[in-house]
file work12.cif (mmCIF, C-alpha atoms)
data_model
#
loop_
_atom_site.label_atom_id
_atom_site.label_comp_id
_atom_site.auth_asym_id
_atom_site.auth_seq_id
_atom_site.Cartn_x
_atom_site.Cartn_y
_atom_site.Cartn_z
CA MET A 286 0.00 0.00 0.00
CA THR A 287 1.54 3.30 -1.07
CA ARG A 288 1.27 6.27 1.22
CA VAL A 289 -1.94 8.21 0.62
CA ASP A 290 -3.29 11.49 1.97
CA PRO A 291 -5.28 11.07 5.22
CA LEU A 292 -8.74 11.72 3.74
CA THR A 293 -8.19 9.19 0.95
CA GLY A 294 -7.15 6.59 3.54
CA ILE A 295 -10.20 7.37 5.68
CA PHE A 296 -12.70 7.14 2.81
CA ALA A 297 -11.04 3.98 1.44
CA ALA A 298 -11.32 2.38 4.90
CA LEU A 299 -15.02 3.29 4.99
CA ALA A 300 -15.63 1.80 1.52
CA ASN A 301 -16.35 -1.65 2.94
CA PRO A 302 -19.49 -2.85 4.80
CA THR A 303 -17.55 -5.11 7.22
CA ARG A 304 -15.22 -2.28 8.24
CA ARG A 305 -18.19 0.06 8.74
CA ALA A 306 -19.89 -2.63 10.87
CA ILE A 307 -16.71 -2.96 12.97
CA LEU A 308 -16.65 0.81 13.55
CA ALA A 309 -20.35 0.75 14.47
CA ARG A 310 -19.65 -2.04 16.99
CA LEU A 311 -16.81 0.02 18.52
CA LEU A 312 -19.20 2.96 19.08
CA SER A 313 -20.45 1.06 22.15
CA GLY A 314 -16.96 0.48 23.54
CA GLU A 315 -13.63 -1.27 22.90
CA ALA A 316 -13.57 -4.94 21.84
CA SER A 317 -11.02 -7.72 21.27
CA VAL A 318 -10.40 -9.23 17.84
CA ILE A 319 -12.33 -12.37 18.90
CA GLU A 320 -15.31 -10.25 19.97
CA LEU A 321 -15.13 -8.27 16.73
CA ALA A 322 -14.94 -11.43 14.58
CA LYS A 323 -18.04 -13.04 16.18
CA PRO A 324 -20.89 -11.28 14.29
CA PHE A 325 -19.22 -11.88 10.92
CA ALA A 326 -18.95 -15.29 9.27
CA MET A 327 -15.25 -14.63 8.95
CA THR A 328 -11.95 -16.10 10.05
CA GLN A 329 -9.89 -14.11 12.53
CA PRO A 330 -7.16 -13.43 9.93
CA ALA A 331 -9.78 -11.95 7.60
CA VAL A 332 -11.03 -9.67 10.38
CA SER A 333 -7.44 -8.80 11.31
CA LYS A 334 -6.87 -7.64 7.73
CA HIS A 335 -9.82 -5.26 7.99
CA LEU A 336 -8.57 -4.04 11.37
CA LYS A 337 -5.19 -3.28 9.81
CA VAL A 338 -6.83 -1.07 7.18
CA LEU A 339 -8.80 0.75 9.89
CA GLU A 340 -5.66 1.15 12.00
CA ARG A 341 -3.65 2.55 9.07
CA ALA A 342 -6.39 5.09 8.43
CA GLY A 343 -6.16 6.11 12.10
CA LEU A 344 -9.75 5.04 12.79
CA ILE A 345 -8.93 2.55 15.55
CA SER A 346 -6.17 2.09 18.11
CA ARG A 347 -5.12 -0.67 20.52
CA GLY A 348 -6.01 -0.54 24.20
CA ARG A 349 -3.48 -1.13 26.97
CA ASP A 350 -4.50 -4.69 27.90
CA ARG A 351 -1.64 -6.78 26.45
CA GLN A 352 -3.62 -10.02 26.47
CA ARG A 353 -6.85 -8.90 24.86
CA ARG A 354 -5.32 -6.08 22.81
CA PRO A 355 -8.77 -4.48 22.56
CA ARG A 356 -9.41 -2.16 19.64
CA ARG A 357 -10.98 1.19 20.31
CA LEU A 358 -12.49 3.81 18.08
CA GLN A 359 -10.57 6.97 17.12
CA ALA A 360 -13.34 9.36 16.21
CA LYS A 361 -11.25 12.40 15.23
CA PRO A 362 -10.41 11.33 11.62
CA LEU A 363 -14.08 10.53 11.06
CA ALA A 364 -14.94 14.04 12.29
CA GLU A 365 -12.51 15.32 9.62
CA ALA A 366 -14.36 13.30 6.98
CA THR A 367 -17.63 14.87 8.15
CA GLU A 368 -16.02 18.28 7.87
CA TRP A 369 -15.03 17.62 4.26
CA LEU A 370 -18.61 16.58 3.49
CA GLU A 371 -20.14 19.64 5.21
CA PRO A 372 -20.55 21.96 2.14
CA TYR A 373 -22.33 19.15 0.26
CA ARG A 374 -24.70 18.56 3.16
CA LYS A 375 -25.44 22.31 3.22
CA LEU A 376 -26.06 22.36 -0.53
CA TRP A 377 -28.42 19.41 -0.22
CA GLU A 378 -30.26 21.09 2.67
CA ARG A 379 -30.66 24.31 0.67
CA ARG A 380 -32.01 22.37 -2.34
CA PHE A 381 -34.34 20.41 -0.10
CA GLN A 382 -35.66 23.58 1.52
CA HIS A 383 -36.13 25.09 -1.93
CA LEU A 384 -38.16 22.05 -3.05
CA ASP A 385 -40.12 22.24 0.19
CA SER A 386 -41.07 25.88 -0.36
CA LEU A 387 -42.00 25.14 -3.98
CA LEU A 388 -44.32 22.42 -2.70
CA ASP A 389 -45.86 24.88 -0.21
CA GLN A 390 -46.48 27.35 -3.04
CA MET A 391 -48.14 24.66 -5.13
CA LYS A 392 -50.36 23.67 -2.22
CA ALA A 393 -51.36 27.31 -1.60
CA GLN A 394 -52.28 27.75 -5.27
CA GLU A 395 -54.27 24.53 -5.19
CA LYS A 396 -56.24 25.80 -2.17
CA LYS A 397 -56.91 29.14 -3.85
CA ARG A 398 -58.20 27.39 -6.93
CA ALA A 399 -60.43 25.12 -4.85
CA ARG A 400 -61.86 28.12 -2.96
CA LYS A 401 -62.64 29.93 -6.21
CA LYS A 402 -64.38 26.83 -7.51
CA ASN A 403 -66.46 26.54 -4.33
CA ARG A 404 -67.50 30.21 -4.51
CA ARG A 405 -68.79 29.64 -8.01
CA GLY A 406 -70.84 26.75 -6.61
CA PRO A 407 -71.56 23.43 -8.25
CA PRO A 408 -72.10 23.46 -12.00
CA MET B 218 -16.85 -3.63 -11.11
CA THR B 219 -19.25 -5.81 -9.13
CA ARG B 220 -22.39 -4.29 -7.70
CA VAL B 221 -21.78 -2.78 -4.26
CA ASP B 222 -24.08 -1.26 -1.63
CA PRO B 223 -24.62 2.51 -2.12
CA LEU B 224 -22.53 3.69 0.86
CA THR B 225 -19.56 1.54 -0.21
CA GLY B 226 -19.76 3.03 -3.71
CA ILE B 227 -19.96 6.56 -2.30
CA PHE B 228 -16.99 6.17 0.06
CA ALA B 229 -14.94 4.40 -2.64
CA ALA B 230 -15.65 7.30 -5.01
CA LEU B 231 -14.48 9.76 -2.35
CA ALA B 232 -11.25 7.79 -1.73
CA ASN B 233 -9.36 9.71 -4.42
CA PRO B 234 -8.05 13.30 -4.29
CA THR B 235 -8.82 14.03 -7.97
CA ARG B 236 -12.44 12.89 -7.59
CA ARG B 237 -12.81 14.99 -4.42
CA ALA B 238 -11.37 17.99 -6.30
CA ILE B 239 -13.86 17.43 -9.14
CA LEU B 240 -16.75 17.39 -6.64
CA ALA B 241 -15.39 20.56 -5.00
CA ARG B 242 -15.27 22.25 -8.44
CA LEU B 243 -18.90 21.22 -9.10
CA LEU B 244 -19.98 22.91 -5.85
CA SER B 245 -19.79 26.21 -7.76
CA GLY B 246 -21.90 24.96 -10.68
CA GLU B 247 -22.01 22.46 -13.53
CA ALA B 248 -19.00 22.06 -15.85
CA SER B 249 -18.09 20.25 -19.07
CA VAL B 250 -15.47 17.48 -19.16
CA ILE B 251 -13.00 19.91 -20.82
CA GLU B 252 -13.53 22.44 -18.04
CA LEU B 253 -13.17 19.74 -15.40
CA ALA B 254 -9.96 18.39 -16.96
CA LYS B 255 -8.24 21.82 -17.06
CA PRO B 256 -6.96 22.14 -13.44
CA PHE B 257 -5.50 18.61 -13.48
CA ALA B 258 -2.44 17.62 -15.48
CA MET B 259 -4.55 14.83 -16.92
CA THR B 260 -5.79 13.59 -20.25
CA GLN B 261 -9.51 13.79 -20.92
CA PRO B 262 -9.87 9.97 -20.92
CA ALA B 263 -8.28 9.85 -17.44
CA VAL B 264 -10.71 12.48 -16.18
CA SER B 265 -13.59 10.66 -17.90
CA LYS B 266 -12.66 7.53 -15.95
CA HIS B 267 -12.95 9.42 -12.67
CA LEU B 268 -16.27 10.92 -13.81
CA LYS B 269 -17.56 7.43 -14.53
CA VAL B 270 -16.79 6.36 -10.94
CA LEU B 271 -18.55 9.46 -9.60
CA GLU B 272 -21.52 8.85 -11.88
CA ARG B 273 -21.83 5.19 -10.82
CA ALA B 274 -21.84 6.27 -7.17
CA GLY B 275 -24.66 8.70 -8.01
CA LEU B 276 -22.57 11.74 -7.06
CA ILE B 277 -22.81 13.49 -10.44
CA SER B 278 -25.28 13.55 -13.33
CA ARG B 279 -25.28 14.94 -16.87
CA GLY B 280 -26.96 18.21 -17.75
CA ARG B 281 -29.34 18.66 -20.69
CA ASP B 282 -26.98 20.43 -23.10
CA ARG B 283 -26.19 17.67 -25.65
CA GLN B 284 -23.05 19.38 -26.94
CA ARG B 285 -21.31 20.24 -23.68
CA ARG B 286 -22.81 17.38 -21.65
CA PRO B 287 -22.04 19.30 -18.46
CA ARG B 288 -21.68 17.33 -15.26
CA ARG B 289 -23.53 18.49 -12.19
CA LEU B 290 -23.32 17.59 -8.55
CA GLN B 291 -25.85 15.26 -6.93
CA ALA B 292 -25.58 16.17 -3.28
CA LYS B 293 -28.10 13.71 -1.82
CA PRO B 294 -25.81 10.61 -1.64
CA LEU B 295 -23.15 12.77 0.05
CA ALA B 296 -25.77 13.84 2.59
CA GLU B 297 -26.34 10.12 3.24
CA ALA B 298 -22.61 9.64 3.84
CA THR B 299 -22.70 12.53 6.34
CA GLU B 300 -25.64 10.86 8.05
CA TRP B 301 -23.69 7.62 8.45
CA LEU B 302 -20.80 9.58 9.99
CA GLU B 303 -23.05 11.52 12.38
CA PRO B 304 -22.70 9.29 15.52
CA TYR B 305 -18.89 9.43 15.18
CA ARG B 306 -18.93 13.22 14.92
CA LYS B 307 -21.11 13.36 18.03
CA LEU B 308 -18.76 11.02 19.91
CA TRP B 309 -15.78 13.17 18.94
CA GLU B 310 -17.59 16.33 20.01
CA ARG B 311 -18.46 14.82 23.40
CA ARG B 312 -14.84 13.72 23.93
CA PHE B 313 -13.60 17.13 22.85
CA GLN B 314 -15.95 18.87 25.26
CA HIS B 315 -14.80 16.53 28.03
CA LEU B 316 -11.14 17.40 27.31
CA ASP B 317 -12.08 21.06 27.22
CA SER B 318 -13.73 20.96 30.65
CA LEU B 319 -10.74 19.03 32.05
CA LEU B 320 -8.48 21.81 30.76
CA ASP B 321 -10.73 24.43 32.41
CA GLN B 322 -10.49 22.56 35.72
CA MET B 323 -6.70 22.44 35.45
CA LYS B 324 -6.56 26.17 34.70
CA ALA B 325 -8.82 26.94 37.69
CA GLN B 326 -6.59 24.88 39.99
CA GLU B 327 -3.51 26.62 38.62
CA LYS B 328 -5.04 30.03 39.36
CA LYS B 329 -5.99 28.96 42.91
CA ARG B 330 -2.44 27.80 43.55
CA ALA B 331 -1.00 31.06 42.18
CA ARG B 332 -3.33 33.12 44.41
CA LYS B 333 -2.30 31.15 47.51
CA LYS B 334 1.34 31.73 46.65
CA ASN B 335 0.75 35.48 46.21
CA ARG B 336 -1.05 35.74 49.57
CA ARG B 337 1.94 34.21 51.28
CA GLY B 338 4.06 36.96 49.69
CA PRO B 339 7.60 36.71 48.33
CA PRO B 340 9.98 34.42 50.23
#

call {"tool": "encode", "arguments": {"input": "work12.cif", "output": "structure tokens"}}
result
Amino acid sequence: MTRVDPLTGIFAALANPTRRAILARLLSGEASVIELAKPFAMTQPAVSKHLKVLERAGLISRGRDRQRRPRRLQAKPLAEATEWLEPYRKLWERRFQHLDSLLDQMKAQEKKRARKKNRRGPP
Amino acid sequence: MTRVDPLTGIFAALANPTRRAILARLLSGEASVIELAKPFAMTQPAVSKHLKVLERAGLISRGRDRQRRPRRLQAKPLAEATEWLEPYRKLWERRFQHLDSLLDQMKAQEKKRARKKNRRGPP
């Protein structure tokens, strides 16, 4: 693996459902490799490979317990990924609000039309 | 390329600095392939390859102009990526606030100690 910029390493680490599931598991606290391997129909070496990718990206670290070597979440790089995504989230929110107000306008016009029709009475 | 789940496709598309730069360029409006290729020392086919990855991940679409075929940003999938990252951002924020309050406590103790020393006067 050649050296990549941090964000590329972070996003590459996230581009795998097993690695995302491991991170989700670590949200509720540190866990040993055996504990992490359990929910996946996977050998320990296969899980260890995923853990290595996560470790290289700085997304997990090893706890102090020498026997269990528990992995724990490092949330800071993920916060940096969120930061990179922020302008896109804002853009999406603005577009969504715009669509929402367009819908409100359409509804208001629909009501107005219905009221006019009612005033005229049934044909 | 085998079919992958949407989030995996999105994060894989983001795991490349050129593709992230293309998305950043599209934040300020749609652009043709020629316009997108300009800032990168890259051939048009190389840029087209990146655009294909972004298109497959649903992050860009093609505008109506048949001649220019401008690419435009599709922000919704990126908003979904932000959503996935949300609990990690929150965790980081909580940890950061915890560190911040620890620092405040240390500063307060330091001040207290300095005041005590001053009351005792110079040796």

call {"tool": "axis_aligned_box", "arguments": {"input": "work12.cif", "around": "segment 387-403 of chain A", "padding_each_side": "5 Å", "output": "AutoDock Vina command-line options"}}
result
--center_x -54.2 --center_y 26.2 --center_z -3.9 --size_x 34.5 --size_y 17.5 --size_z 17.3

call {"tool": "calpha_fit_rmsd", "arguments": {"input": "work12.cif", "fixed": "chain A", "moving": "chain B"}}
result
0.2 Å

call {"tool": "residues_around", "arguments": {"input": "work12.cif", "residues": "Val338 of chain A", "least_positions_apart": "5", "cutoff": "10 Å", "atoms": "only C-alpha atoms", "output": "list in words"}}
result
Met286, Gly294, Ile295, Ala297, Ala298, Leu299, Arg304, Ser333, Gly343, Leu344 and Ile345 of chain A

call {"tool": "residues_around", "arguments": {"input": "work12.cif", "residues": "Val318 of chain A", "least_positions_apart": "3", "cutoff": "12 Å", "atoms": "only C-alpha atoms", "output": "PyMOL selection string"}}
result
chain A and resi 307+310-311+315+321-325+327-337+347-348+352-357

call {"tool": "write_last_selection", "arguments": {"input": "work12.cif", "atoms": "C-alpha atoms", "output": "JSON list (two decimals), in the coordinates of the input"}}
result
[["chain", "number", "residue", "atom", "x", "y", "z"],
["A", 307, "ILE", "CA", -16.71, -2.96, 12.97],
["A", 310, "ARG", "CA", -19.65, -2.04, 16.99],
["A", 311, "LEU", "CA", -16.81, 0.02, 18.52],
["A", 315, "GLU", "CA", -13.63, -1.27, 22.90],
["A", 321, "LEU", "CA", -15.13, -8.27, 16.73],
["A", 322, "ALA", "CA", -14.94, -11.43, 14.58],
["A", 323, "LYS", "CA", -18.04, -13.04, 16.18],
["A", 324, "PRO", "CA", -20.89, -11.28, 14.29],
["A", 325, "PHE", "CA", -19.22, -11.88, 10.92],
["A", 327, "MET", "CA", -15.25, -14.63, 8.95],
["A", 328, "THR", "CA", -11.95, -16.10, 10.05],
["A", 329, "GLN", "CA", -9.89, -14.11, 12.53],
["A", 330, "PRO", "CA", -7.16, -13.43, 9.93],
["A", 331, "ALA", "CA", -9.78, -11.95, 7.60],
["A", 332, "VAL", "CA", -11.03, -9.67, 10.38],
["A", 333, "SER", "CA", -7.44, -8.80, 11.31],
["A", 334, "LYS", "CA", -6.87, -7.64, 7.73],
["A", 335, "HIS", "CA", -9.82, -5.26, 7.99],
["A", 336, "LEU", "CA", -8.57, -4.04, 11.37],
["A", 337, "LYS", "CA", -5.19, -3.28, 9.81],
["A", 347, "ARG", "CA", -5.12, -0.67, 20.52],
["A", 348, "GLY", "CA", -6.01, -0.54, 24.20],
["A", 352, "GLN", "CA", -3.62, -10.02, 26.47],
["A", 353, "ARG", "CA", -6.85, -8.90, 24.86],
["A", 354, "ARG", "CA", -5.32, -6.08, 22.81],
["A", 355, "PRO", "CA", -8.77, -4.48, 22.56],
["A", 356, "ARG", "CA", -9.41, -2.16, 19.64],
["A", 357, "ARG", "CA", -10.98, 1.19, 20.31]]

call {"tool": "resolve_selection", "arguments": {"input": "work12.cif", "expression": "the PyMOL selection byres ((chain B) within 6 of (chain A))", "output": "VMD selection string"}}
result
chain B and resid 225 228 to 229 232 to 233 292 to 293 296 299 305 to 306 309

call {"tool": "atom_distance", "arguments": {"input": "work12.cif", "atom1": "atom CA of Arg349 of chain A", "atom2": "atom CA of Lys324 of chain B"}}
result
28.5 Å

call {"tool": "atom_distance", "arguments": {"input": "work12.cif", "atom1": "atom CA of Asp350 of chain A", "atom2": "atom CA of Ser313 of chain A"}}
result
17.9 Å

call {"tool": "atom_distance", "arguments": {"input": "work12.cif", "atom1": "atom CA of Ala316 of chain A", "atom2": "atom CA of Thr303 of chain A"}}
result
15.2 Å

call {"tool": "decode", "arguments": {"input": "work12.cif", "residues": "segment 344-357 of chain A", "atoms": "all heavy atoms", "output": "PDB file, in the first residue's frame"}}
result
ATOM      1  N   LEU A 344      -8.373   5.096  12.290  1.00  0.00           N
ATOM      2  CA  LEU A 344      -9.753   5.045  12.794  1.00  0.00           C
ATOM      3  C   LEU A 344      -9.901   4.181  14.043  1.00  0.00           C
ATOM      4  O   LEU A 344     -10.914   4.276  14.732  1.00  0.00           O
ATOM      5  CB  LEU A 344     -10.695   4.545  11.694  1.00  0.00           C
ATOM      6  CG  LEU A 344     -10.686   5.361  10.398  1.00  0.00           C
ATOM      7  CD1 LEU A 344     -11.726   4.828   9.435  1.00  0.00           C
ATOM      8  CD2 LEU A 344     -10.924   6.833  10.678  1.00  0.00           C
ATOM      9  N   ILE A 345      -8.909   3.318  14.301  1.00  0.00           N
ATOM     10  CA  ILE A 345      -8.934   2.553  15.555  1.00  0.00           C
ATOM     11  C   ILE A 345      -7.522   2.523  16.149  1.00  0.00           C
ATOM     12  O   ILE A 345      -6.537   2.768  15.449  1.00  0.00           O
ATOM     13  CB  ILE A 345      -9.429   1.086  15.366  1.00  0.00           C
ATOM     14  CG1 ILE A 345      -8.528   0.329  14.385  1.00  0.00           C
ATOM     15  CG2 ILE A 345     -10.870   1.041  14.872  1.00  0.00           C
ATOM     16  CD1 ILE A 345      -8.820  -1.174  14.336  1.00  0.00           C
ATOM     17  N   SER A 346      -7.458   2.247  17.444  1.00  0.00           N
ATOM     18  CA  SER A 346      -6.168   2.095  18.108  1.00  0.00           C
ATOM     19  C   SER A 346      -6.253   0.881  19.033  1.00  0.00           C
ATOM     20  O   SER A 346      -7.333   0.312  19.197  1.00  0.00           O
ATOM     21  CB  SER A 346      -5.831   3.355  18.887  1.00  0.00           C
ATOM     22  OG  SER A 346      -6.773   3.532  19.924  1.00  0.00           O
ATOM     23  N   ARG A 347      -5.124   0.484  19.626  1.00  0.00           N
ATOM     24  CA  ARG A 347      -5.123  -0.672  20.518  1.00  0.00           C
ATOM     25  C   ARG A 347      -5.107  -0.212  21.968  1.00  0.00           C
ATOM     26  O   ARG A 347      -4.333   0.672  22.336  1.00  0.00           O
ATOM     27  CB  ARG A 347      -3.894  -1.534  20.248  1.00  0.00           C
ATOM     28  CG  ARG A 347      -4.014  -2.236  18.918  1.00  0.00           C
ATOM     29  CD  ARG A 347      -2.786  -3.029  18.620  1.00  0.00           C
ATOM     30  NE  ARG A 347      -2.799  -3.388  17.205  1.00  0.00           N
ATOM     31  CZ  ARG A 347      -2.136  -4.420  16.713  1.00  0.00           C
ATOM     32  NH1 ARG A 347      -1.413  -5.177  17.496  1.00  0.00           N
ATOM     33  NH2 ARG A 347      -2.184  -4.683  15.426  1.00  0.00           N
ATOM     34  N   GLY A 348      -5.962  -0.853  22.775  1.00  0.00           N
ATOM     35  CA  GLY A 348      -6.012  -0.540  24.203  1.00  0.00           C
ATOM     36  C   GLY A 348      -4.786  -1.062  24.922  1.00  0.00           C
ATOM     37  O   GLY A 348      -3.920  -1.707  24.315  1.00  0.00           O
ATOM     38  N   ARG A 349      -4.697  -0.801  26.226  1.00  0.00           N
ATOM     39  CA  ARG A 349      -3.482  -1.131  26.974  1.00  0.00           C
ATOM     40  C   ARG A 349      -3.374  -2.600  27.348  1.00  0.00           C
ATOM     41  O   ARG A 349      -2.271  -3.115  27.516  1.00  0.00           O
ATOM     42  CB  ARG A 349      -3.417  -0.263  28.238  1.00  0.00           C
ATOM     43  CG  ARG A 349      -2.828   1.101  27.896  1.00  0.00           C
ATOM     44  CD  ARG A 349      -2.868   2.031  29.075  1.00  0.00           C
ATOM     45  NE  ARG A 349      -2.950   3.413  28.595  1.00  0.00           N
ATOM     46  CZ  ARG A 349      -3.623   4.362  29.168  1.00  0.00           C
ATOM     47  NH1 ARG A 349      -4.327   4.110  30.255  1.00  0.00           N
ATOM     48  NH2 ARG A 349      -3.635   5.574  28.663  1.00  0.00           N
ATOM     49  N   ASP A 350      -4.491  -3.293  27.464  1.00  0.00           N
ATOM     50  CA  ASP A 350      -4.497  -4.693  27.896  1.00  0.00           C
ATOM     51  C   ASP A 350      -3.722  -5.565  26.907  1.00  0.00           C
ATOM     52  O   ASP A 350      -4.172  -5.819  25.796  1.00  0.00           O
ATOM     53  CB  ASP A 350      -5.961  -5.171  28.027  1.00  0.00           C
ATOM     54  CG  ASP A 350      -6.057  -6.577  28.576  1.00  0.00           C
ATOM     55  OD1 ASP A 350      -5.090  -7.359  28.417  1.00  0.00           O
ATOM     56  OD2 ASP A 350      -7.094  -6.900  29.164  1.00  0.00           O
ATOM     57  N   ARG A 351      -2.545  -6.048  27.344  1.00  0.00           N
ATOM     58  CA  ARG A 351      -1.644  -6.780  26.448  1.00  0.00           C
ATOM     59  C   ARG A 351      -2.227  -8.109  25.976  1.00  0.00           C
ATOM     60  O   ARG A 351      -1.856  -8.611  24.915  1.00  0.00           O
ATOM     61  CB  ARG A 351      -0.321  -7.047  27.171  1.00  0.00           C
ATOM     62  CG  ARG A 351       0.573  -5.812  27.165  1.00  0.00           C
ATOM     63  CD  ARG A 351       1.750  -6.060  26.251  1.00  0.00           C
ATOM     64  NE  ARG A 351       2.577  -4.879  26.134  1.00  0.00           N
ATOM     65  CZ  ARG A 351       3.893  -4.921  26.062  1.00  0.00           C
ATOM     66  NH1 ARG A 351       4.528  -6.090  26.128  1.00  0.00           N
ATOM     67  NH2 ARG A 351       4.582  -3.820  25.910  1.00  0.00           N
ATOM     68  N   GLN A 352      -3.064  -8.715  26.808  1.00  0.00           N
ATOM     69  CA  GLN A 352      -3.616 -10.025  26.474  1.00  0.00           C
ATOM     70  C   GLN A 352      -4.742  -9.902  25.459  1.00  0.00           C
ATOM     71  O   GLN A 352      -4.731 -10.578  24.436  1.00  0.00           O
ATOM     72  CB  GLN A 352      -4.155 -10.697  27.752  1.00  0.00           C
ATOM     73  CG  GLN A 352      -3.052 -11.066  28.725  1.00  0.00           C
ATOM     74  CD  GLN A 352      -2.844 -12.564  28.745  1.00  0.00           C
ATOM     75  OE1 GLN A 352      -3.585 -13.277  29.415  1.00  0.00           O
ATOM     76  NE2 GLN A 352      -1.874 -13.046  27.999  1.00  0.00           N
ATOM     77  N   ARG A 353      -5.684  -9.037  25.740  1.00  0.00           N
ATOM     78  CA  ARG A 353      -6.849  -8.896  24.864  1.00  0.00           C
ATOM     79  C   ARG A 353      -6.558  -7.999  23.668  1.00  0.00           C
ATOM     80  O   ARG A 353      -7.167  -8.133  22.626  1.00  0.00           O
ATOM     81  CB  ARG A 353      -8.037  -8.320  25.645  1.00  0.00           C
ATOM     82  CG  ARG A 353      -8.684  -9.312  26.612  1.00  0.00           C
ATOM     83  CD  ARG A 353      -9.810  -8.633  27.363  1.00  0.00           C
ATOM     84  NE  ARG A 353     -10.940  -8.291  26.521  1.00  0.00           N
ATOM     85  CZ  ARG A 353     -11.482  -7.086  26.421  1.00  0.00           C
ATOM     86  NH1 ARG A 353     -10.994  -6.080  27.091  1.00  0.00           N
ATOM     87  NH2 ARG A 353     -12.519  -6.876  25.634  1.00  0.00           N
ATOM     88  N   ARG A 354      -5.613  -7.092  23.845  1.00  0.00           N
ATOM     89  CA  ARG A 354      -5.325  -6.079  22.814  1.00  0.00           C
ATOM     90  C   ARG A 354      -6.620  -5.507  22.224  1.00  0.00           C
ATOM     91  O   ARG A 354      -6.842  -5.585  21.007  1.00  0.00           O
ATOM     92  CB  ARG A 354      -4.466  -6.657  21.693  1.00  0.00           C
ATOM     93  CG  ARG A 354      -3.298  -7.491  22.208  1.00  0.00           C
ATOM     94  CD  ARG A 354      -2.195  -7.490  21.210  1.00  0.00           C
ATOM     95  NE  ARG A 354      -1.365  -6.299  21.365  1.00  0.00           N
ATOM     96  CZ  ARG A 354      -0.409  -5.951  20.532  1.00  0.00           C
ATOM     97  NH1 ARG A 354      -0.162  -6.661  19.477  1.00  0.00           N
ATOM     98  NH2 ARG A 354       0.295  -4.871  20.740  1.00  0.00           N
ATOM     99  N   PRO A 355      -7.485  -4.977  23.066  1.00  0.00           N
ATOM    100  CA  PRO A 355      -8.768  -4.483  22.563  1.00  0.00           C
ATOM    101  C   PRO A 355      -8.575  -3.321  21.591  1.00  0.00           C
ATOM    102  O   PRO A 355      -7.654  -2.515  21.744  1.00  0.00           O
ATOM    103  CB  PRO A 355      -9.492  -4.016  23.824  1.00  0.00           C
ATOM    104  CG  PRO A 355      -8.405  -3.644  24.776  1.00  0.00           C
ATOM    105  CD  PRO A 355      -7.295  -4.618  24.495  1.00  0.00           C
ATOM    106  N   ARG A 356      -9.434  -3.285  20.575  1.00  0.00           N
ATOM    107  CA  ARG A 356      -9.411  -2.165  19.636  1.00  0.00           C
ATOM    108  C   ARG A 356     -10.413  -1.125  20.101  1.00  0.00           C
ATOM    109  O   ARG A 356     -11.506  -1.464  20.550  1.00  0.00           O
ATOM    110  CB  ARG A 356      -9.781  -2.628  18.231  1.00  0.00           C
ATOM    111  CG  ARG A 356      -8.907  -3.716  17.635  1.00  0.00           C
ATOM    112  CD  ARG A 356      -7.443  -3.472  17.862  1.00  0.00           C
ATOM    113  NE  ARG A 356      -6.609  -4.186  16.895  1.00  0.00           N
ATOM    114  CZ  ARG A 356      -6.030  -5.359  17.127  1.00  0.00           C
ATOM    115  NH1 ARG A 356      -6.214  -5.991  18.267  1.00  0.00           N
ATOM    116  NH2 ARG A 356      -5.260  -5.913  16.203  1.00  0.00           N
ATOM    117  N   ARG A 357     -10.024   0.118  19.963  1.00  0.00           N
ATOM    118  CA  ARG A 357     -10.976   1.189  20.306  1.00  0.00           C
ATOM    119  C   ARG A 357     -11.059   2.201  19.172  1.00  0.00           C
ATOM    120  O   ARG A 357     -10.132   2.351  18.378  1.00  0.00           O
ATOM    121  CB  ARG A 357     -10.594   1.852  21.631  1.00  0.00           C
ATOM    122  CG  ARG A 357      -9.272   2.585  21.621  1.00  0.00           C
ATOM    123  CD  ARG A 357      -9.113   3.416  22.872  1.00  0.00           C
ATOM    124  NE  ARG A 357      -9.314   2.590  24.072  1.00  0.00           N
ATOM    125  CZ  ARG A 357      -8.659   2.793  25.210  1.00  0.00           C
ATOM    126  NH1 ARG A 357      -7.778   3.775  25.284  1.00  0.00           N
ATOM    127  NH2 ARG A 357      -8.883   2.027  26.257  1.00  0.00           N
TER     128      ARG A 357
END
